[in-house]
Amino acid sequence: MATPGASSGTPMTEGSARSVSWQTCIIAEIIQQTPRIKSFFLRLSEPFVHIAGQHVDVRLTAPDGYVAMRSYSIASSPSASNVIELAIERLPDGEVSPFFHDIASVGDEIELRGPLGGHFLWPERPTAPVMLVGAGSGVVPLMAMIRQRGDLAQTVPTALLLSARTRRDVLFADELLSLEMADPTFKLALAITREAPVRACDFARRIDSAMVAELIARLHHMPAHVFVCGSNPFVEIAADGALVAGLDAAVIKTERYGG
């Protein structure tokens, strides 16, 4: 069972989900972000306020009554309108993501409930450096944090280490690169695993402890908050790297997706 909240789609969660009502929303816009990931902008019938890092449950019901549910992290900033963004990766063996990629259209109705999640959350008033580490669609909740930081004009030093197969697979690449150019307190490092990176500050290998240590060095101070999101193996490597670099386990929060 996967930990809820990751953007690639994870099984339905329990606990707090029981107290949140289902609502119908409308797909307002669809954008192809990478070859495998699309953003779906959903107009809520019952708007809610979320915190960066939270997710929603999505429910699909087939004509024969079969129900499939998955959790998807919210990519949009909490300061946005009554439209939220979900960035969904197409999984060949998935039950829900193929529907979104192959069938769903603008104007379709979707059932969801949220916001959910109370652990993997951007701090309310961060004053010390923050390190974000993600892989593939695992950057989605981290992107919400980056957007919330920007919308609130927060200047806490923040660094993002993002792993992807190729440059084309870097989700939100243009937005992240523009932000780095405009904000000297934001650092971006890409770990490109299947081709040579374009920028000298990026890496041409899978994430490892040395890479995590290098990202911390670019912050110039030990981070007080670390958020890691990706597959189980990725999260283990990134979290171990943070520990090897001397960070306390208490400052490291993780979100996992996949089996």
# chains A, B, ... in the order shown; residues from 1 in each chain; ligands from 1
call {"tool": "closest_atom_pairs", "arguments": {"of": "range 91-128 of chain A", "to": "range 226-229 of chain A", "cutoff": "9 Å", "atoms": "only C-alpha atoms", "output": "JSON lines"}}
result
{"residue": "A:Phe120", "atom": "CA", "partner": "A:Phe227", "partner_atom": "CA", "distance": 7.4}
{"residue": "A:Leu121", "atom": "CA", "partner": "A:Phe227", "partner_atom": "CA", "distance": 8.7}
{"residue": "A:Trp122", "atom": "CA", "partner": "A:Phe227", "partner_atom": "CA", "distance": 8.7}
call {"tool": "select_by_dssp", "arguments": {"residues": "range 14-259 of chain A", "states": "strand (DSSP E)", "output": "count of residues only"}}
result
82
call {"tool": "residues_around", "arguments": {"residues": "Glu46 in chain A", "least_positions_apart": "5", "cutoff": "10 Å", "atoms": "only C-alpha atoms", "output": "list in words"}}
result
Ser21, Trp22, Gln23, Thr24, Cys25, Asn82 and Arg113 of chain A
call {"tool": "write_last_selection", "arguments": {"atoms": "all heavy atoms", "output": "compact mmCIF listing (two decimals), in the first residue's frame"}}
result
# COMPACT_ATOMS: atom_id res chain seq x y z
N SER A 21 -16.51 15.44 2.61
CA SER A 21 -17.58 15.07 1.68
C SER A 21 -17.08 15.03 0.23
O SER A 21 -16.18 15.78 -0.16
CB SER A 21 -18.73 16.08 1.79
OG SER A 21 -19.27 16.09 3.09
N TRP A 22 -17.71 14.17 -0.54
CA TRP A 22 -17.44 14.13 -1.98
C TRP A 22 -18.14 15.30 -2.65
O TRP A 22 -19.22 15.73 -2.23
CB TRP A 22 -17.94 12.83 -2.58
CG TRP A 22 -17.14 11.63 -2.17
CD1 TRP A 22 -17.42 10.76 -1.16
CD2 TRP A 22 -15.91 11.18 -2.76
NE1 TRP A 22 -16.45 9.78 -1.07
CE2 TRP A 22 -15.51 10.02 -2.04
CE3 TRP A 22 -15.12 11.63 -3.81
CZ2 TRP A 22 -14.35 9.31 -2.36
CZ3 TRP A 22 -13.97 10.93 -4.12
CH2 TRP A 22 -13.60 9.79 -3.40
N GLN A 23 -17.54 15.81 -3.70
CA GLN A 23 -18.16 16.87 -4.49
C GLN A 23 -17.88 16.62 -5.96
O GLN A 23 -16.98 15.87 -6.34
CB GLN A 23 -17.63 18.25 -4.10
CG GLN A 23 -16.15 18.46 -4.35
CD GLN A 23 -15.75 19.92 -4.23
OE1 GLN A 23 -16.12 20.74 -5.06
NE2 GLN A 23 -15.01 20.23 -3.16
N THR A 24 -18.68 17.24 -6.81
CA THR A 24 -18.50 17.13 -8.25
C THR A 24 -17.77 18.37 -8.76
O THR A 24 -18.10 19.49 -8.38
CB THR A 24 -19.85 17.01 -8.97
OG1 THR A 24 -20.52 15.83 -8.50
CG2 THR A 24 -19.66 16.91 -10.48
N CYS A 25 -16.78 18.16 -9.59
CA CYS A 25 -16.07 19.28 -10.19
C CYS A 25 -16.05 19.10 -11.70
O CYS A 25 -16.34 18.02 -12.22
CB CYS A 25 -14.66 19.40 -9.63
SG CYS A 25 -13.65 17.93 -9.89
N ASN A 82 -11.01 29.02 -7.21
CA ASN A 82 -11.73 27.78 -6.93
C ASN A 82 -11.39 26.69 -7.94
O ASN A 82 -12.07 25.67 -8.01
CB ASN A 82 -13.24 28.03 -6.93
CG ASN A 82 -13.77 28.46 -8.29
OD1 ASN A 82 -13.03 29.03 -9.10
ND2 ASN A 82 -15.03 28.21 -8.54
N ARG A 113 -12.81 14.46 -3.25
CA ARG A 113 -12.98 14.96 -1.89
C ARG A 113 -11.61 15.41 -1.36
O ARG A 113 -10.57 14.85 -1.71
CB ARG A 113 -13.56 13.89 -0.97
CG ARG A 113 -12.71 12.63 -0.81
CD ARG A 113 -13.35 11.65 0.13
NE ARG A 113 -12.60 10.39 0.17
CZ ARG A 113 -12.99 9.32 0.85
NH1 ARG A 113 -14.13 9.35 1.55
NH2 ARG A 113 -12.27 8.22 0.85
call {"tool": "closest_residue", "arguments": {"among": "A:Pro233, A:Pro47, A:Pro184, A:Pro115", "to": "Gly134 in chain A", "atoms": "only C-alpha atoms"}}
result
A:Pro233
call {"tool": "closest_atom_pairs", "arguments": {"of": "range 84-154 of chain A", "to": "range 158-174 of chain A", "cutoff": "9 Å", "atoms": "only C-alpha atoms", "output": "JSON lines"}}
result
{"residue": "A:Ala87", "atom": "CA", "partner": "A:Leu171", "partner_atom": "CA", "distance": 8.9}
{"residue": "A:Ala128", "atom": "CA", "partner": "A:Thr158", "partner_atom": "CA", "distance": 8.9}
{"residue": "A:Pro129", "atom": "CA", "partner": "A:Thr158", "partner_atom": "CA", "distance": 5.7}
{"residue": "A:Val130", "atom": "CA", "partner": "A:Thr158", "partner_atom": "CA", "distance": 4.7}
{"residue": "A:Met131", "atom": "CA", "partner": "A:Ala159", "partner_atom": "CA", "distance": 5.0}
{"residue": "A:Leu132", "atom": "CA", "partner": "A:Leu160", "partner_atom": "CA", "distance": 4.6}
{"residue": "A:Val133", "atom": "CA", "partner": "A:Leu161", "partner_atom": "CA", "distance": 4.7}
{"residue": "A:Gly134", "atom": "CA", "partner": "A:Leu162", "partner_atom": "CA", "distance": 5.0}
{"residue": "A:Ala135", "atom": "CA", "partner": "A:Ser163", "partner_atom": "CA", "distance": 4.5}
{"residue": "A:Gly136", "atom": "CA", "partner": "A:Ala164", "partner_atom": "CA", "distance": 5.4}
{"residue": "A:Ser137", "atom": "CA", "partner": "A:Leu171", "partner_atom": "CA", "distance": 7.0}
{"residue": "A:Gly138", "atom": "CA", "partner": "A:Leu162", "partner_atom": "CA", "distance": 8.8}
{"residue": "A:Val139", "atom": "CA", "partner": "A:Leu162", "partner_atom": "CA", "distance": 7.1}
{"residue": "A:Val140", "atom": "CA", "partner": "A:Leu171", "partner_atom": "CA", "distance": 8.2}
{"residue": "A:Leu142", "atom": "CA", "partner": "A:Leu160", "partner_atom": "CA", "distance": 8.4}
{"residue": "A:Met143", "atom": "CA", "partner": "A:Phe172", "partner_atom": "CA", "distance": 8.1}
{"residue": "A:Ile146", "atom": "CA", "partner": "A:Thr158", "partner_atom": "CA", "distance": 8.4}
call {"tool": "write_last_selection", "arguments": {"atoms": "all heavy atoms", "output": "mmCIF file, in the first residue's frame"}}
result
data_model
loop_
_atom_site.group_PDB
_atom_site.id
_atom_site.type_symbol
_atom_site.label_atom_id
_atom_site.label_comp_id
_atom_site.auth_asym_id
_atom_site.auth_seq_id
_atom_site.Cartn_x
_atom_site.Cartn_y
_atom_site.Cartn_z
ATOM 1 N N ALA A 87 -1.635 17.249 -11.470
ATOM 2 C CA ALA A 87 -0.741 16.803 -12.546
ATOM 3 C C ALA A 87 -0.652 15.286 -12.457
ATOM 4 O O ALA A 87 -0.107 14.743 -11.502
ATOM 5 C CB ALA A 87 0.633 17.447 -12.414
ATOM 6 N N ALA A 128 13.838 29.463 8.328
ATOM 7 C CA ALA A 128 15.121 28.806 8.081
ATOM 8 C C ALA A 128 15.049 28.064 6.747
ATOM 9 O O ALA A 128 13.960 27.766 6.249
ATOM 10 C CB ALA A 128 15.453 27.846 9.223
ATOM 11 N N PRO A 129 16.197 27.761 6.133
ATOM 12 C CA PRO A 129 16.215 27.155 4.803
ATOM 13 C C PRO A 129 15.376 25.876 4.683
ATOM 14 O O PRO A 129 15.230 25.112 5.648
ATOM 15 C CB PRO A 129 17.702 26.862 4.582
ATOM 16 C CG PRO A 129 18.405 27.889 5.400
ATOM 17 C CD PRO A 129 17.555 28.042 6.636
ATOM 18 N N VAL A 130 14.862 25.662 3.468
ATOM 19 C CA VAL A 130 14.038 24.495 3.160
ATOM 20 C C VAL A 130 14.658 23.764 1.973
ATOM 21 O O VAL A 130 15.057 24.387 0.981
ATOM 22 C CB VAL A 130 12.596 24.910 2.814
ATOM 23 C CG1 VAL A 130 11.752 23.682 2.482
ATOM 24 C CG2 VAL A 130 11.966 25.709 3.951
ATOM 25 N N MET A 131 14.736 22.450 2.070
ATOM 26 C CA MET A 131 15.227 21.626 0.962
ATOM 27 C C MET A 131 14.100 20.727 0.476
ATOM 28 O O MET A 131 13.450 20.042 1.275
ATOM 29 C CB MET A 131 16.426 20.783 1.386
ATOM 30 C CG MET A 131 16.994 19.933 0.252
ATOM 31 S SD MET A 131 18.576 19.127 0.652
ATOM 32 C CE MET A 131 18.037 17.913 1.856
ATOM 33 N N LEU A 132 13.879 20.725 -0.834
ATOM 34 C CA LEU A 132 12.850 19.910 -1.471
ATOM 35 C C LEU A 132 13.533 18.933 -2.419
ATOM 36 O O LEU A 132 14.406 19.329 -3.198
ATOM 37 C CB LEU A 132 11.879 20.792 -2.256
ATOM 38 C CG LEU A 132 11.301 22.013 -1.531
ATOM 39 C CD1 LEU A 132 10.497 22.878 -2.510
ATOM 40 C CD2 LEU A 132 10.426 21.581 -0.363
ATOM 41 N N VAL A 133 13.135 17.669 -2.375
ATOM 42 C CA VAL A 133 13.739 16.648 -3.231
ATOM 43 C C VAL A 133 12.613 15.815 -3.835
ATOM 44 O O VAL A 133 11.799 15.233 -3.110
ATOM 45 C CB VAL A 133 14.705 15.740 -2.445
ATOM 46 C CG1 VAL A 133 15.450 14.814 -3.407
ATOM 47 C CG2 VAL A 133 15.699 16.562 -1.622
ATOM 48 N N GLY A 134 12.560 15.751 -5.159
ATOM 49 C CA GLY A 134 11.485 15.008 -5.804
ATOM 50 C C GLY A 134 11.960 14.287 -7.051
ATOM 51 O O GLY A 134 12.996 14.624 -7.629
ATOM 52 N N ALA A 135 11.172 13.302 -7.479
ATOM 53 C CA ALA A 135 11.466 12.553 -8.700
ATOM 54 C C ALA A 135 10.207 12.465 -9.542
ATOM 55 O O ALA A 135 9.137 12.115 -9.042
ATOM 56 C CB ALA A 135 11.972 11.154 -8.372
ATOM 57 N N GLY A 136 10.325 12.799 -10.829
ATOM 58 C CA GLY A 136 9.187 12.682 -11.731
ATOM 59 C C GLY A 136 7.987 13.462 -11.249
ATOM 60 O O GLY A 136 8.069 14.643 -10.901
ATOM 61 N N SER A 137 6.842 12.790 -11.189
ATOM 62 C CA SER A 137 5.621 13.454 -10.736
ATOM 63 C C SER A 137 5.627 13.715 -9.236
ATOM 64 O O SER A 137 4.728 14.370 -8.713
ATOM 65 C CB SER A 137 4.399 12.617 -11.117
ATOM 66 O OG SER A 137 4.491 11.316 -10.550
ATOM 67 N N GLY A 138 6.641 13.220 -8.537
ATOM 68 C CA GLY A 138 6.765 13.522 -7.113
ATOM 69 C C GLY A 138 7.029 14.983 -6.825
ATOM 70 O O GLY A 138 6.960 15.413 -5.673
ATOM 71 N N VAL A 139 7.309 15.756 -7.862
ATOM 72 C CA VAL A 139 7.521 17.191 -7.654
ATOM 73 C C VAL A 139 6.205 17.935 -7.441
ATOM 74 O O VAL A 139 6.207 19.091 -7.027
ATOM 75 C CB VAL A 139 8.288 17.804 -8.852
ATOM 76 C CG1 VAL A 139 7.390 17.946 -10.073
ATOM 77 C CG2 VAL A 139 8.875 19.175 -8.485
ATOM 78 N N VAL A 140 5.070 17.303 -7.691
ATOM 79 C CA VAL A 140 3.786 18.013 -7.644
ATOM 80 C C VAL A 140 3.520 18.683 -6.291
ATOM 81 O O VAL A 140 3.268 19.889 -6.242
ATOM 82 C CB VAL A 140 2.618 17.085 -8.040
ATOM 83 C CG1 VAL A 140 1.280 17.785 -7.829
ATOM 84 C CG2 VAL A 140 2.758 16.669 -9.496
ATOM 85 N N LEU A 142 5.627 19.433 -4.050
ATOM 86 C CA LEU A 142 6.718 20.375 -3.843
ATOM 87 C C LEU A 142 6.480 21.647 -4.659
ATOM 88 O O LEU A 142 6.801 22.756 -4.217
ATOM 89 C CB LEU A 142 8.047 19.736 -4.239
ATOM 90 C CG LEU A 142 8.344 18.363 -3.625
ATOM 91 C CD1 LEU A 142 9.694 17.849 -4.100
ATOM 92 C CD2 LEU A 142 8.273 18.414 -2.108
ATOM 93 N N MET A 143 5.894 21.502 -5.845
ATOM 94 C CA MET A 143 5.566 22.659 -6.670
ATOM 95 C C MET A 143 4.511 23.516 -5.990
ATOM 96 O O MET A 143 4.568 24.758 -6.049
ATOM 97 C CB MET A 143 5.067 22.199 -8.040
ATOM 98 C CG MET A 143 5.025 23.313 -9.071
ATOM 99 S SD MET A 143 6.703 23.813 -9.524
ATOM 100 C CE MET A 143 6.463 25.577 -9.777
ATOM 101 N N ILE A 146 6.356 25.559 -3.509
ATOM 102 C CA ILE A 146 7.102 26.638 -4.153
ATOM 103 C C ILE A 146 6.157 27.762 -4.577
ATOM 104 O O ILE A 146 6.462 28.951 -4.424
ATOM 105 C CB ILE A 146 7.880 26.079 -5.357
ATOM 106 C CG1 ILE A 146 8.994 25.151 -4.872
ATOM 107 C CG2 ILE A 146 8.445 27.198 -6.221
ATOM 108 C CD1 ILE A 146 9.629 24.323 -5.966
#
call {"tool": "closest_residue", "arguments": {"among": "A:Leu116, A:Ala62, A:Val212, A:Leu179", "to": "Ala191 in chain A", "atoms": "only C-alpha atoms"}}
result
A:Val212
call {"tool": "residues_around", "arguments": {"residues": "Pro157 in chain A", "least_positions_apart": "3", "cutoff": "12 Å", "atoms": "only C-alpha atoms", "output": "PyMOL selection string"}}
result
chain A and resi 126-132+146+149-150+154+160+180+183-188+215-225
call {"tool": "write_last_selection", "arguments": {"atoms": "N, CA and C atoms", "output": "PDB file, in the first residue's frame"}}
result
ATOM      1  N   PRO A 126       7.917  29.887   7.470  1.00  0.00           N
ATOM      2  CA  PRO A 126       9.295  29.381   7.505  1.00  0.00           C
ATOM      3  C   PRO A 126      10.303  30.521   7.621  1.00  0.00           C
ATOM      4  N   THR A 127      11.279  30.331   8.490  1.00  0.00           N
ATOM      5  CA  THR A 127      12.322  31.341   8.672  1.00  0.00           C
ATOM      6  C   THR A 127      13.712  30.772   8.414  1.00  0.00           C
ATOM      7  N   ALA A 128      13.838  29.463   8.328  1.00  0.00           N
ATOM      8  CA  ALA A 128      15.121  28.806   8.081  1.00  0.00           C
ATOM      9  C   ALA A 128      15.049  28.064   6.747  1.00  0.00           C
ATOM     10  N   PRO A 129      16.197  27.761   6.133  1.00  0.00           N
ATOM     11  CA  PRO A 129      16.215  27.155   4.803  1.00  0.00           C
ATOM     12  C   PRO A 129      15.376  25.876   4.683  1.00  0.00           C
ATOM     13  N   VAL A 130      14.862  25.662   3.468  1.00  0.00           N
ATOM     14  CA  VAL A 130      14.038  24.495   3.160  1.00  0.00           C
ATOM     15  C   VAL A 130      14.658  23.764   1.973  1.00  0.00           C
ATOM     16  N   MET A 131      14.736  22.450   2.070  1.00  0.00           N
ATOM     17  CA  MET A 131      15.227  21.626   0.962  1.00  0.00           C
ATOM     18  C   MET A 131      14.100  20.727   0.476  1.00  0.00           C
ATOM     19  N   LEU A 132      13.879  20.725  -0.834  1.00  0.00           N
ATOM     20  CA  LEU A 132      12.850  19.910  -1.471  1.00  0.00           C
ATOM     21  C   LEU A 132      13.533  18.933  -2.419  1.00  0.00           C
ATOM     22  N   ILE A 146       6.356  25.559  -3.509  1.00  0.00           N
ATOM     23  CA  ILE A 146       7.102  26.638  -4.153  1.00  0.00           C
ATOM     24  C   ILE A 146       6.157  27.762  -4.577  1.00  0.00           C
ATOM     25  N   ARG A 149       4.954  29.635  -1.478  1.00  0.00           N
ATOM     26  CA  ARG A 149       6.052  30.498  -1.032  1.00  0.00           C
ATOM     27  C   ARG A 149       6.087  31.783  -1.842  1.00  0.00           C
ATOM     28  N   GLY A 150       5.939  31.663  -3.163  1.00  0.00           N
ATOM     29  CA  GLY A 150       5.971  32.835  -4.024  1.00  0.00           C
ATOM     30  C   GLY A 150       4.773  33.737  -3.846  1.00  0.00           C
ATOM     31  N   GLN A 154       7.347  34.978   0.415  1.00  0.00           N
ATOM     32  CA  GLN A 154       8.298  34.483   1.409  1.00  0.00           C
ATOM     33  C   GLN A 154       9.682  34.370   0.762  1.00  0.00           C
ATOM     34  N   LEU A 160      15.530  23.110  -4.569  1.00  0.00           N
ATOM     35  CA  LEU A 160      14.823  21.944  -5.112  1.00  0.00           C
ATOM     36  C   LEU A 160      15.782  21.091  -5.911  1.00  0.00           C
ATOM     37  N   GLU A 180      14.022  30.505 -10.778  1.00  0.00           N
ATOM     38  CA  GLU A 180      15.409  30.552 -10.329  1.00  0.00           C
ATOM     39  C   GLU A 180      16.109  31.808 -10.838  1.00  0.00           C
ATOM     40  N   ASP A 183      14.574  34.836  -8.693  1.00  0.00           N
ATOM     41  CA  ASP A 183      14.637  34.794  -7.229  1.00  0.00           C
ATOM     42  C   ASP A 183      15.979  34.228  -6.770  1.00  0.00           C
ATOM     43  N   PRO A 184      16.868  35.070  -6.274  1.00  0.00           N
ATOM     44  CA  PRO A 184      18.180  34.574  -5.836  1.00  0.00           C
ATOM     45  C   PRO A 184      18.128  33.686  -4.609  1.00  0.00           C
ATOM     46  N   THR A 185      16.996  33.637  -3.914  1.00  0.00           N
ATOM     47  CA  THR A 185      16.876  32.783  -2.736  1.00  0.00           C
ATOM     48  C   THR A 185      16.340  31.400  -3.081  1.00  0.00           C
ATOM     49  N   PHE A 186      16.093  31.146  -4.372  1.00  0.00           N
ATOM     50  CA  PHE A 186      15.621  29.831  -4.811  1.00  0.00           C
ATOM     51  C   PHE A 186      16.676  29.175  -5.688  1.00  0.00           C
ATOM     52  N   LYS A 187      17.069  27.947  -5.345  1.00  0.00           N
ATOM     53  CA  LYS A 187      18.069  27.200  -6.087  1.00  0.00           C
ATOM     54  C   LYS A 187      17.428  25.953  -6.690  1.00  0.00           C
ATOM     55  N   LEU A 188      17.754  25.674  -7.942  1.00  0.00           N
ATOM     56  CA  LEU A 188      17.225  24.508  -8.647  1.00  0.00           C
ATOM     57  C   LEU A 188      18.377  23.656  -9.154  1.00  0.00           C
ATOM     58  N   LEU A 215      23.515  19.905  -2.675  1.00  0.00           N
ATOM     59  CA  LEU A 215      22.353  20.796  -2.627  1.00  0.00           C
ATOM     60  C   LEU A 215      22.327  21.568  -1.312  1.00  0.00           C
ATOM     61  N   ILE A 216      22.631  20.890  -0.220  1.00  0.00           N
ATOM     62  CA  ILE A 216      22.680  21.566   1.081  1.00  0.00           C
ATOM     63  C   ILE A 216      23.753  22.654   1.064  1.00  0.00           C
ATOM     64  N   ALA A 217      24.885  22.368   0.450  1.00  0.00           N
ATOM     65  CA  ALA A 217      25.965  23.355   0.372  1.00  0.00           C
ATOM     66  C   ALA A 217      25.526  24.591  -0.400  1.00  0.00           C
ATOM     67  N   ARG A 218      24.689  24.411  -1.397  1.00  0.00           N
ATOM     68  CA  ARG A 218      24.208  25.560  -2.181  1.00  0.00           C
ATOM     69  C   ARG A 218      23.267  26.446  -1.374  1.00  0.00           C
ATOM     70  N   LEU A 219      22.674  25.883  -0.334  1.00  0.00           N
ATOM     71  CA  LEU A 219      21.829  26.692   0.555  1.00  0.00           C
ATOM     72  C   LEU A 219      22.668  27.525   1.519  1.00  0.00           C
ATOM     73  N   HIS A 220      23.922  27.130   1.720  1.00  0.00           N
ATOM     74  CA  HIS A 220      24.865  27.813   2.619  1.00  0.00           C
ATOM     75  C   HIS A 220      24.535  27.630   4.099  1.00  0.00           C
ATOM     76  N   HIS A 221      23.412  27.009   4.409  1.00  0.00           N
ATOM     77  CA  HIS A 221      23.030  26.727   5.788  1.00  0.00           C
ATOM     78  C   HIS A 221      22.302  25.391   5.818  1.00  0.00           C
ATOM     79  N   MET A 222      22.379  24.702   6.933  1.00  0.00           N
ATOM     80  CA  MET A 222      21.647  23.441   7.068  1.00  0.00           C
ATOM     81  C   MET A 222      20.149  23.716   7.054  1.00  0.00           C
ATOM     82  N   PRO A 223      19.390  23.013   6.226  1.00  0.00           N
ATOM     83  CA  PRO A 223      17.942  23.255   6.179  1.00  0.00           C
ATOM     84  C   PRO A 223      17.236  22.823   7.460  1.00  0.00           C
ATOM     85  N   ALA A 224      16.201  23.575   7.802  1.00  0.00           N
ATOM     86  CA  ALA A 224      15.384  23.243   8.973  1.00  0.00           C
ATOM     87  C   ALA A 224      14.190  22.381   8.586  1.00  0.00           C
ATOM     88  N   HIS A 225      13.910  22.322   7.286  1.00  0.00           N
ATOM     89  CA  HIS A 225      12.795  21.518   6.785  1.00  0.00           C
ATOM     90  C   HIS A 225      13.251  20.819   5.514  1.00  0.00           C
TER      91      HIS A 225
END
call {"tool": "select_by_dssp", "arguments": {"residues": "range 14-69 of chain A", "states": "helix (DSSP H, G or I)", "output": "list of chain:residue names"}}
result
A:Gly15, A:Ser16, A:Ala17, A:Arg18, A:Ser19
call {"tool": "closest_residue", "arguments": {"among": "A:Leu86, A:Ala204, A:Ile252, A:Met145", "to": "Gln32 in chain A", "atoms": "only C-alpha atoms"}}
result
A:Leu86
